[in-house]
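The data block below is target_7.pdb; it holds PDB, C-alpha atoms and all ligand atoms.
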MODEL        1
ATOM      1  CA  MET A   1       0.000   0.000   0.000
ATOM      2  CA  ILE A   2       1.302   3.453  -0.941
ATOM      3  CA  ILE A   3       1.554   5.928   1.957
ATOM      4  CA  LEU A   4       1.074   9.673   1.405
ATOM      5  CA  TRP A   5       2.082  12.294   3.968
ATOM      6  CA  GLU A   6       0.107  15.527   3.690
ATOM      7  CA  LEU A   7      -0.904  18.492   5.860
ATOM      8  CA  GLY A   8      -3.724  18.033   8.335
ATOM      9  CA  GLY A   9      -5.736  21.002   9.600
ATOM     10  CA  ARG A  10      -8.767  21.601  11.806
ATOM     11  CA  GLU A  11     -11.494  18.965  11.492
ATOM     12  CA  ASP A  12      -8.858  16.812   9.810
ATOM     13  CA  ARG A  13      -8.891  18.916   6.623
ATOM     14  CA  ARG A  14      -6.226  17.590   4.221
ATOM     15  CA  TYR A  15      -5.490  20.973   2.738
ATOM     16  CA  SER A  16      -2.017  20.822   1.171
ATOM     17  CA  LEU A  17      -2.456  21.997  -2.415
ATOM     18  CA  PHE A  18       0.636  20.152  -3.611
ATOM     19  CA  SER A  19      -0.572  16.961  -1.957
ATOM     20  CA  TRP A  20      -3.851  17.296  -3.861
ATOM     21  CA  ARG A  21      -1.854  16.960  -7.066
ATOM     22  CA  THR A  22      -0.557  13.641  -5.734
ATOM     23  CA  ARG A  23      -3.994  12.562  -4.478
ATOM     24  CA  MET A  24      -5.493  13.166  -7.917
ATOM     25  CA  ALA A  25      -2.580  11.417  -9.653
ATOM     26  CA  LEU A  26      -3.077   8.337  -7.443
ATOM     27  CA  ALA A  27      -6.834   8.347  -8.134
ATOM     28  CA  HIS A  28      -6.159   8.752 -11.883
ATOM     29  CA  LYS A  29      -3.914   5.695 -11.819
ATOM     30  CA  GLY A  30      -6.380   3.791  -9.643
ATOM     31  CA  LEU A  31      -3.781   3.222  -6.932
ATOM     32  CA  ALA A  32      -4.958   2.730  -3.359
ATOM     33  CA  PHE A  33      -3.161   4.740  -0.704
ATOM     34  CA  ASP A  34      -3.141   5.479   2.972
ATOM     35  CA  ALA A  35      -2.875   9.209   3.792
ATOM     36  CA  LYS A  36      -1.138  10.374   6.942
ATOM     37  CA  PRO A  37      -1.671  13.918   8.238
ATOM     38  CA  VAL A  38       1.296  15.938   9.482
ATOM     39  CA  ARG A  39       1.476  19.365  11.034
ATOM     40  CA  MET A  40       3.225  22.022   8.974
ATOM     41  CA  SER A  41       5.575  22.825  11.860
ATOM     42  CA  ASP A  42       6.389  19.181  12.620
ATOM     43  CA  LYS A  43       9.475  18.656  10.493
ATOM     44  CA  ALA A  44      10.510  15.596  12.526
ATOM     45  CA  ALA A  45       7.511  13.673  11.133
ATOM     46  CA  ILE A  46       8.857  13.862   7.592
ATOM     47  CA  ALA A  47      12.598  13.991   8.343
ATOM     48  CA  PHE A  48      12.929  10.469   6.855
ATOM     49  CA  SER A  49      12.205  12.027   3.438
ATOM     50  CA  GLY A  50      15.275  14.256   3.608
ATOM     51  CA  GLY A  51      13.141  17.397   3.184
ATOM     52  CA  LYS A  52      10.753  19.757   4.930
ATOM     53  CA  THR A  53       7.692  19.750   2.693
ATOM     54  CA  VAL A  54       4.814  17.472   1.800
ATOM     55  CA  PRO A  55       3.723  15.613  -0.228
ATOM     56  CA  VAL A  56       5.952  12.654   0.506
ATOM     57  CA  VAL A  57       5.127   9.224  -0.811
ATOM     58  CA  LYS A  58       6.424   5.824   0.275
ATOM     59  CA  ASP A  59       5.854   2.938  -2.080
ATOM     60  CA  GLY A  60       7.588  -0.207  -0.875
ATOM     61  CA  GLU A  61      11.198   0.825  -0.430
ATOM     62  CA  ALA A  62      10.885   3.987  -2.539
ATOM     63  CA  VAL A  63      10.510   7.339  -0.757
ATOM     64  CA  VAL A  64       9.729  10.268  -3.081
ATOM     65  CA  ARG A  65       9.260  13.915  -2.116
ATOM     66  CA  ASP A  66       7.966  16.831  -4.220
ATOM     67  CA  SER A  67       4.689  16.588  -6.118
ATOM     68  CA  TRP A  68       6.293  16.817  -9.554
ATOM     69  CA  LYS A  69       8.864  14.094  -8.766
ATOM     70  CA  ILE A  70       6.077  11.936  -7.358
ATOM     71  CA  ALA A  71       4.053  12.311 -10.588
ATOM     72  CA  GLU A  72       7.119  11.298 -12.629
ATOM     73  CA  TYR A  73       7.733   8.373 -10.294
ATOM     74  CA  LEU A  74       4.145   7.118 -10.559
ATOM     75  CA  GLU A  75       4.215   7.407 -14.344
ATOM     76  CA  SER A  76       7.419   5.383 -14.699
ATOM     77  CA  ARG A  77       6.606   2.869 -11.938
ATOM     78  CA  TYR A  78       3.038   2.204 -13.164
ATOM     79  CA  PRO A  79       3.169   2.564 -16.983
ATOM     80  CA  GLU A  80       0.324   0.059 -17.435
ATOM     81  CA  LYS A  81      -2.101   2.339 -15.530
ATOM     82  CA  PRO A  82      -3.798   5.372 -17.165
ATOM     83  CA  THR A  83      -1.140   7.869 -18.225
ATOM     84  CA  LEU A  84      -0.608  11.174 -16.407
ATOM     85  CA  PHE A  85       1.279  12.851 -19.255
ATOM     86  CA  GLY A  86       0.550  11.040 -22.521
ATOM     87  CA  GLY A  87       4.187  10.434 -23.469
ATOM     88  CA  THR A  88       7.524  12.205 -23.147
ATOM     89  CA  ILE A  89       6.544  15.388 -24.998
ATOM     90  CA  GLY A  90       3.420  15.616 -22.854
ATOM     91  CA  GLN A  91       5.595  15.144 -19.789
ATOM     92  CA  GLY A  92       7.805  18.064 -20.805
ATOM     93  CA  VAL A  93       4.885  20.354 -21.564
ATOM     94  CA  THR A  94       3.190  19.359 -18.302
ATOM     95  CA  GLN A  95       6.366  20.248 -16.413
ATOM     96  CA  ALA A  96       6.357  23.661 -18.133
ATOM     97  CA  PHE A  97       2.752  24.143 -16.987
ATOM     98  CA  ASN A  98       3.711  23.029 -13.453
ATOM     99  CA  VAL A  99       6.388  25.720 -13.287
ATOM    100  CA  TRP A 100       4.019  28.371 -14.699
ATOM    101  CA  VAL A 101       1.267  27.571 -12.184
ATOM    102  CA  ASP A 102       3.728  27.578  -9.282
ATOM    103  CA  ARG A 103       5.401  30.842 -10.316
ATOM    104  CA  VAL A 104       2.366  32.778 -11.557
ATOM    105  CA  LEU A 105      -0.773  31.485  -9.846
ATOM    106  CA  VAL A 106       0.090  30.172  -6.380
ATOM    107  CA  LEU A 107       0.975  33.559  -4.857
ATOM    108  CA  PRO A 108      -2.176  35.405  -6.039
ATOM    109  CA  MET A 109      -4.314  32.541  -4.693
ATOM    110  CA  LEU A 110      -2.385  32.537  -1.415
ATOM    111  CA  ALA A 111      -2.856  36.308  -1.016
ATOM    112  CA  LEU A 112      -6.583  35.866  -1.539
ATOM    113  CA  ILE A 113      -7.244  33.015   0.906
ATOM    114  CA  VAL A 114      -4.362  33.165   3.408
ATOM    115  CA  ALA A 115      -6.364  34.697   6.278
ATOM    116  CA  ASP A 116      -9.109  32.076   5.854
ATOM    117  CA  VAL A 117      -6.528  29.279   5.682
ATOM    118  CA  HIS A 118      -4.967  30.533   8.927
ATOM    119  CA  GLU A 119      -8.311  30.065  10.715
ATOM    120  CA  ARG A 120      -8.429  26.421   9.604
ATOM    121  CA  VAL A 121      -4.882  25.122  10.097
ATOM    122  CA  ASP A 122      -4.103  22.896  13.081
ATOM    123  CA  PRO A 123      -4.070  25.210  16.143
ATOM    124  CA  ALA A 124      -0.494  24.076  16.849
ATOM    125  CA  ASP A 125       0.512  25.425  13.404
ATOM    126  CA  GLU A 126      -1.101  28.867  13.695
ATOM    127  CA  HIS A 127       2.043  30.685  14.795
ATOM    128  CA  TYR A 128       4.317  28.916  12.293
ATOM    129  CA  PHE A 129       1.821  29.463   9.483
ATOM    130  CA  ARG A 130       1.410  33.168  10.240
ATOM    131  CA  GLU A 131       5.168  33.759  10.442
ATOM    132  CA  SER A 132       6.014  31.924   7.227
ATOM    133  CA  MET A 133       3.112  33.279   5.169
ATOM    134  CA  GLU A 134       3.613  36.889   6.264
ATOM    135  CA  LYS A 135       7.242  36.561   5.202
ATOM    136  CA  ILE A 136       6.285  35.156   1.784
ATOM    137  CA  LEU A 137       3.538  37.728   1.155
ATOM    138  CA  LYS A 138       5.396  40.650   2.776
ATOM    139  CA  MET A 139       2.210  41.695   4.579
ATOM    140  CA  THR A 140       0.294  40.725   7.704
ATOM    141  CA  LEU A 141      -2.688  38.378   7.564
ATOM    142  CA  GLU A 142      -4.886  41.319   8.570
ATOM    143  CA  GLU A 143      -3.583  43.362   5.622
ATOM    144  CA  ALA A 144      -4.223  40.377   3.339
ATOM    145  CA  ARG A 145      -7.805  40.169   4.573
ATOM    146  CA  LYS A 146      -8.348  43.879   3.923
ATOM    147  CA  GLY A 147      -6.903  43.512   0.430
ATOM    148  CA  ARG A 148      -9.370  40.787  -0.559
ATOM    149  CA  ALA A 149     -11.081  42.655  -3.407
ATOM    150  CA  GLU A 150      -7.765  43.621  -4.966
ATOM    151  CA  ALA A 151      -6.431  40.053  -4.581
ATOM    152  CA  MET A 152      -9.568  38.698  -6.275
ATOM    153  CA  SER A 153      -9.058  41.034  -9.256
ATOM    154  CA  ARG A 154      -5.418  40.008  -9.522
ATOM    155  CA  LEU A 155      -6.279  36.311  -9.447
ATOM    156  CA  THR A 156      -9.027  36.758 -12.041
ATOM    157  CA  ARG A 157      -6.546  38.581 -14.285
ATOM    158  CA  VAL A 158      -3.827  35.913 -14.101
ATOM    159  CA  LEU A 159      -6.394  33.152 -14.675
ATOM    160  CA  GLU A 160      -7.672  34.720 -17.901
ATOM    161  CA  PRO A 161      -5.529  32.491 -20.191
ATOM    162  CA  MET A 162      -7.113  29.432 -18.571
ATOM    163  CA  GLN A 163     -10.631  30.831 -19.112
ATOM    164  CA  ALA A 164      -9.755  31.337 -22.787
ATOM    165  CA  LEU A 165      -8.236  27.856 -23.117
ATOM    166  CA  LEU A 166     -11.214  26.106 -21.541
ATOM    167  CA  LYS A 167     -13.569  27.663 -24.056
ATOM    168  CA  ARG A 168     -11.598  25.804 -26.752
ATOM    169  CA  GLN A 169     -11.093  22.403 -25.123
ATOM    170  CA  PRO A 170     -12.749  20.597 -22.195
ATOM    171  CA  TRP A 171      -9.613  19.816 -20.203
ATOM    172  CA  ILE A 172      -6.271  21.525 -19.631
ATOM    173  CA  SER A 173      -4.703  18.368 -21.098
ATOM    174  CA  GLY A 174      -6.983  18.519 -24.170
ATOM    175  CA  ALA A 175      -9.620  15.898 -24.947
ATOM    176  CA  GLN A 176      -9.236  14.076 -21.643
ATOM    177  CA  PRO A 177      -8.126  14.972 -18.139
ATOM    178  CA  ALA A 178      -4.576  14.257 -17.005
ATOM    179  CA  TYR A 179      -1.940  15.579 -14.622
ATOM    180  CA  ALA A 180      -1.944  19.168 -15.974
ATOM    181  CA  ASP A 181      -5.590  19.385 -14.907
ATOM    182  CA  TYR A 182      -4.665  18.267 -11.399
ATOM    183  CA  ILE A 183      -1.893  20.861 -11.167
ATOM    184  CA  LEU A 184      -4.353  23.699 -11.728
ATOM    185  CA  PHE A 185      -7.184  22.040  -9.843
ATOM    186  CA  SER A 186      -5.065  21.764  -6.668
ATOM    187  CA  LEU A 187      -5.348  25.541  -6.188
ATOM    188  CA  PHE A 188      -9.128  25.494  -6.326
ATOM    189  CA  GLN A 189      -9.402  22.467  -4.075
ATOM    190  CA  TRP A 190      -7.211  24.293  -1.545
ATOM    191  CA  ALA A 191      -9.538  27.307  -1.682
ATOM    192  CA  ARG A 192     -12.627  25.105  -1.605
ATOM    193  CA  MET A 193     -11.478  23.387   1.592
ATOM    194  CA  MET A 194     -10.038  26.378   3.414
ATOM    195  CA  SER A 195     -12.033  29.472   2.448
ATOM    196  CA  PRO A 196     -15.764  30.174   2.651
ATOM    197  CA  HIS A 197     -15.550  32.450  -0.394
ATOM    198  CA  GLU A 198     -16.056  31.452  -4.034
ATOM    199  CA  VAL A 199     -12.853  32.317  -5.882
ATOM    200  CA  LEU A 200     -14.114  31.760  -9.427
ATOM    201  CA  GLU A 201     -16.561  33.859 -11.370
ATOM    202  CA  GLU A 202     -19.090  32.034 -13.515
ATOM    203  CA  GLY A 203     -17.530  30.801 -16.738
ATOM    204  CA  ALA A 204     -15.539  28.080 -18.453
ATOM    205  CA  LEU A 205     -13.015  27.698 -15.643
ATOM    206  CA  ARG A 206     -15.675  27.227 -12.984
ATOM    207  CA  GLU A 207     -17.461  24.654 -15.161
ATOM    208  CA  TRP A 208     -14.150  22.823 -15.628
ATOM    209  CA  ARG A 209     -13.548  22.803 -11.837
ATOM    210  CA  GLU A 210     -16.935  21.143 -11.380
ATOM    211  CA  ARG A 211     -15.995  18.511 -13.986
ATOM    212  CA  VAL A 212     -12.727  17.785 -12.160
ATOM    213  CA  LEU A 213     -14.655  17.444  -8.887
ATOM    214  CA  ASP A 214     -16.752  14.739 -10.554
ATOM    215  CA  LEU A 215     -13.745  12.729 -11.785
ATOM    216  CA  HIS A 216     -12.839   9.329 -10.367
ATOM    217  CA  GLY A 217     -16.257   8.816  -8.800
ATOM    218  CA  GLY A 218     -16.333  12.296  -7.249
ATOM    219  CA  PHE A 219     -13.066  11.618  -5.415
ATOM    220  CA  ALA A 220     -12.293  15.319  -4.734
ATOM    221  CA  ARG A 221     -15.919  16.372  -4.248
ATOM    222  CA  ARG A 222     -16.350  13.909  -1.380
ATOM    223  CA  VAL A 223     -14.107  16.146   0.720
ATOM    224  CA  ALA A 224     -16.300  18.718   2.452
ATOM    225  CA  SER A 225     -16.011  22.290   1.289
ATOM    226  CA  THR A 226     -15.961  25.144   3.811
TER     227      THR A 226
HETATM  228  N1  LIG A 301       7.617  22.007  -4.816
HETATM  229  C1  LIG A 301       7.025  21.288  -3.715
HETATM  230  C2  LIG A 301       6.335  22.279  -2.802
HETATM  231  C3  LIG A 301       5.762  21.573  -1.580
HETATM  232  C4  LIG A 301       5.247  22.527  -0.517
HETATM  233  O1  LIG A 301       5.619  23.708  -0.458
HETATM  234  N2  LIG A 301       4.418  21.981   0.370
HETATM  235  C5  LIG A 301       3.872  22.739   1.469
HETATM  236  C6  LIG A 301       2.458  22.303   1.780
HETATM  237  S1  LIG A 301       1.314  22.663   0.484
HETATM  238  C7  LIG A 301       4.678  22.448   2.715
HETATM  239  O2  LIG A 301       4.953  21.308   3.017
HETATM  240  N3  LIG A 301       5.088  23.486   3.438
HETATM  241  C8  LIG A 301       5.812  23.331   4.650
HETATM  242  C9  LIG A 301       6.458  24.585   5.110
HETATM  243  O3  LIG A 301       6.298  25.617   4.433
HETATM  244  O4  LIG A 301       7.125  24.536   6.144
HETATM  245  C10 LIG A 301       6.062  20.222  -4.264
HETATM  246  O5  LIG A 301       5.574  20.383  -5.397
HETATM  247  O6  LIG A 301       5.838  19.206  -3.604
ENDMDL
END

Would you encode the structure as structure tokens?
Ligand SMILES: N[C@@H](CCC(=O)N[C@@H](CS)C(=O)NCC(=O)O)C(=O)O
Amino acid sequence: MIILWELGGREDRRYSLFSWRTRMALAHKGLAFDAKPVRMSDKAAIAFSGGKTVPVVKDGEAVVRDSWKIAEYLESRYPEKPTLFGGTIGQGVTQAFNVWVDRVLVLPMLALIVADVHERVDPADEHYFRESMEKILKMTLEEARKGRAEAMSRLTRVLEPMQALLKRQPWISGAQPAYADYILFSLFQWARMMSPHEVLEEGALREWRERVLDLHGGFARRVAST
């Protein structure tokens, strides 16, 4: 059985956006797994991985850290299962998309939901979360909350290429969903679980998010939204 380490918050919310990429990849491949929650500040719990972030996956003797490396591992270890990338060119393009999402979209989403996330992390992580997020965003959580409308406009602006794309094809990966869809979806699942506010206006992107929520027997939808 594959073991996945991911963040656990209040009411056992499994809210790590990067771990959601791995969760969706495992569901896509039809691989059963056991998910273990860790606190963000508890680095000892994942020290065996050699790093300080989740997701971490253990599959037999193999320990893999970093969501992108895990996706590559799953693709090469389980080639007979449904593909995450659709071949080597697809793998390269998906990695390009992974970098773009991480560099362009994660920060605007974080700025928008960070104060709500703070209210839902494990109480023992509140101080650590505040300190690290305020450093990353260069503002206090209170300032982030006040700047909500501006953060929403910024997020809507940077998401515009995805709105345009999803009017042309049903999935980020084209005719069928694959790992690129899960990369983008992880941001919305994070918001869905940790913020009471809708982050998407009506349109192609919101309709796509609903389709991803229905995938794999409603695997991601089964997790309660805030
Ligand atoms: N590039 C890494 C990023 C992983 C990451 O930043 N994970 C967050 C949780 S979503 C984390 O573990 N943060 C711990 C910390 O900031 O101390 C990946 O794709 O796995």

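Listed by chain and then residue number, the contacts of ligand LIG 301 (chain A) are Leu7, Ser16, Leu17, Phe18, Ser19, Met40, Ser41, Lys52, Thr53, Val54, Pro55, Arg65, Asp66, Ser67, Trp68 and Ser132 of chain A (distance at most 7 Å, using all atoms listed in the file).
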
- Task: Could you list the residues chosen by the PyMOL selection byres (((chain A and resi 221) around 12) and not hetatm) in this structure as an NGL selection string?
- Result: :A and (24 or 185 or 188-189 or 192-193 or 209-220 or 222-226)

- Taking the point (-9.3, 39.8, -4.9) as given in the file, collect each protein or nucleic acid residue that comes within 9 Å of it, counting only C-alpha atoms, and present the set as a ChimeraX atom specification. /A:108-109,111-112,147-156,199

- Nearest to A:Ser186, chosen from A:Glu11, A:Glu75, A:Asp102, A:Asp42, with all atoms listed in the file counted in the distances: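 Of the candidates, the smallest distance to A:Ser186 is held by A:Asp102.
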
- atom CA of A:Ile70 and atom CA of A:Trp20, how far apart in Å?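 Taking atom CA of A:Trp20 and atom CA of A:Ile70, their separation equals 11.8 Å.
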
- Item | Nearby residues (all atoms listed in the file) at most 10 Å from A:Val99, same-chain spacing under 6 positions excluded, as a PyMOL selection string | chain A and resi 68+93+105+183

- Task: Would you mind listing what lies within 10 Å of stretch 159-168 of chain A as number ranges by chain, with only C-alpha atoms counted and same-chain residues fewer than 2 positions away left out?
- Result: A: 101, 104-105, 108, 153-157, 170-172, 174, 184, 200, 203-208

Export of the given selection (C-alpha atoms) as a CSV table (one decimal), in the coordinates of the input:
chain,number,residue,atom,x,y,z
A,101,VAL,CA,1.3,27.6,-12.2
A,104,VAL,CA,2.4,32.8,-11.6
A,105,LEU,CA,-0.8,31.5,-9.8
A,108,PRO,CA,-2.2,35.4,-6.0
A,153,SER,CA,-9.1,41.0,-9.3
A,154,ARG,CA,-5.4,40.0,-9.5
A,155,LEU,CA,-6.3,36.3,-9.4
A,156,THR,CA,-9.0,36.8,-12.0
A,157,ARG,CA,-6.5,38.6,-14.3
A,170,PRO,CA,-12.7,20.6,-22.2
A,171,TRP,CA,-9.6,19.8,-20.2
A,172,ILE,CA,-6.3,21.5,-19.6
A,174,GLY,CA,-7.0,18.5,-24.2
A,184,LEU,CA,-4.4,23.7,-11.7
A,200,LEU,CA,-14.1,31.8,-9.4
A,203,GLY,CA,-17.5,30.8,-16.7
A,204,ALA,CA,-15.5,28.1,-18.5
A,205,LEU,CA,-13.0,27.7,-15.6
A,206,ARG,CA,-15.7,27.2,-13.0
A,207,GLU,CA,-17.5,24.7,-15.2
A,208,TRP,CA,-14.2,22.8,-15.6

- Which of A:Asp181, A:Glu198, A:Glu143, A:Glu134 sits closest to A:Leu84 [using all atoms listed in the file]: A:Asp181

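A straight line drawn from atom CA of A:Ala180 to atom CA of A:Thr94 is 5.6 Å long.
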
- Item | Option closest in space to A:Lys43, from A:Thr88, A:Leu74, A:Leu31, A:Asp125 [counting all atoms listed in the file] |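 Among the listed residues, A:Asp125 lies closest to A:Lys43.
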
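Among A:Lys81, A:Ala44, A:Tyr15, A:Leu4, the residue with the shortest atom-to-atom distance to A:Gly30, counting only C-alpha atoms, is A:Lys81.
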
- Message: Excluding A:Met194 and its own-chain neighbours fewer than 4 positions away, which residues fall within 7 Å of it when counting all atoms listed in the file? Please give them as a VMD selection string.
- Response: chain A and resid 116 to 117 120 190 226

- Which residue gives the smallest distance to A:Lys69 among A:Ser173, A:Val56, A:Gly90, A:Ala178, with all atoms listed in the file counted?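 So, comparing all the options, the nearest one is A:Val56.
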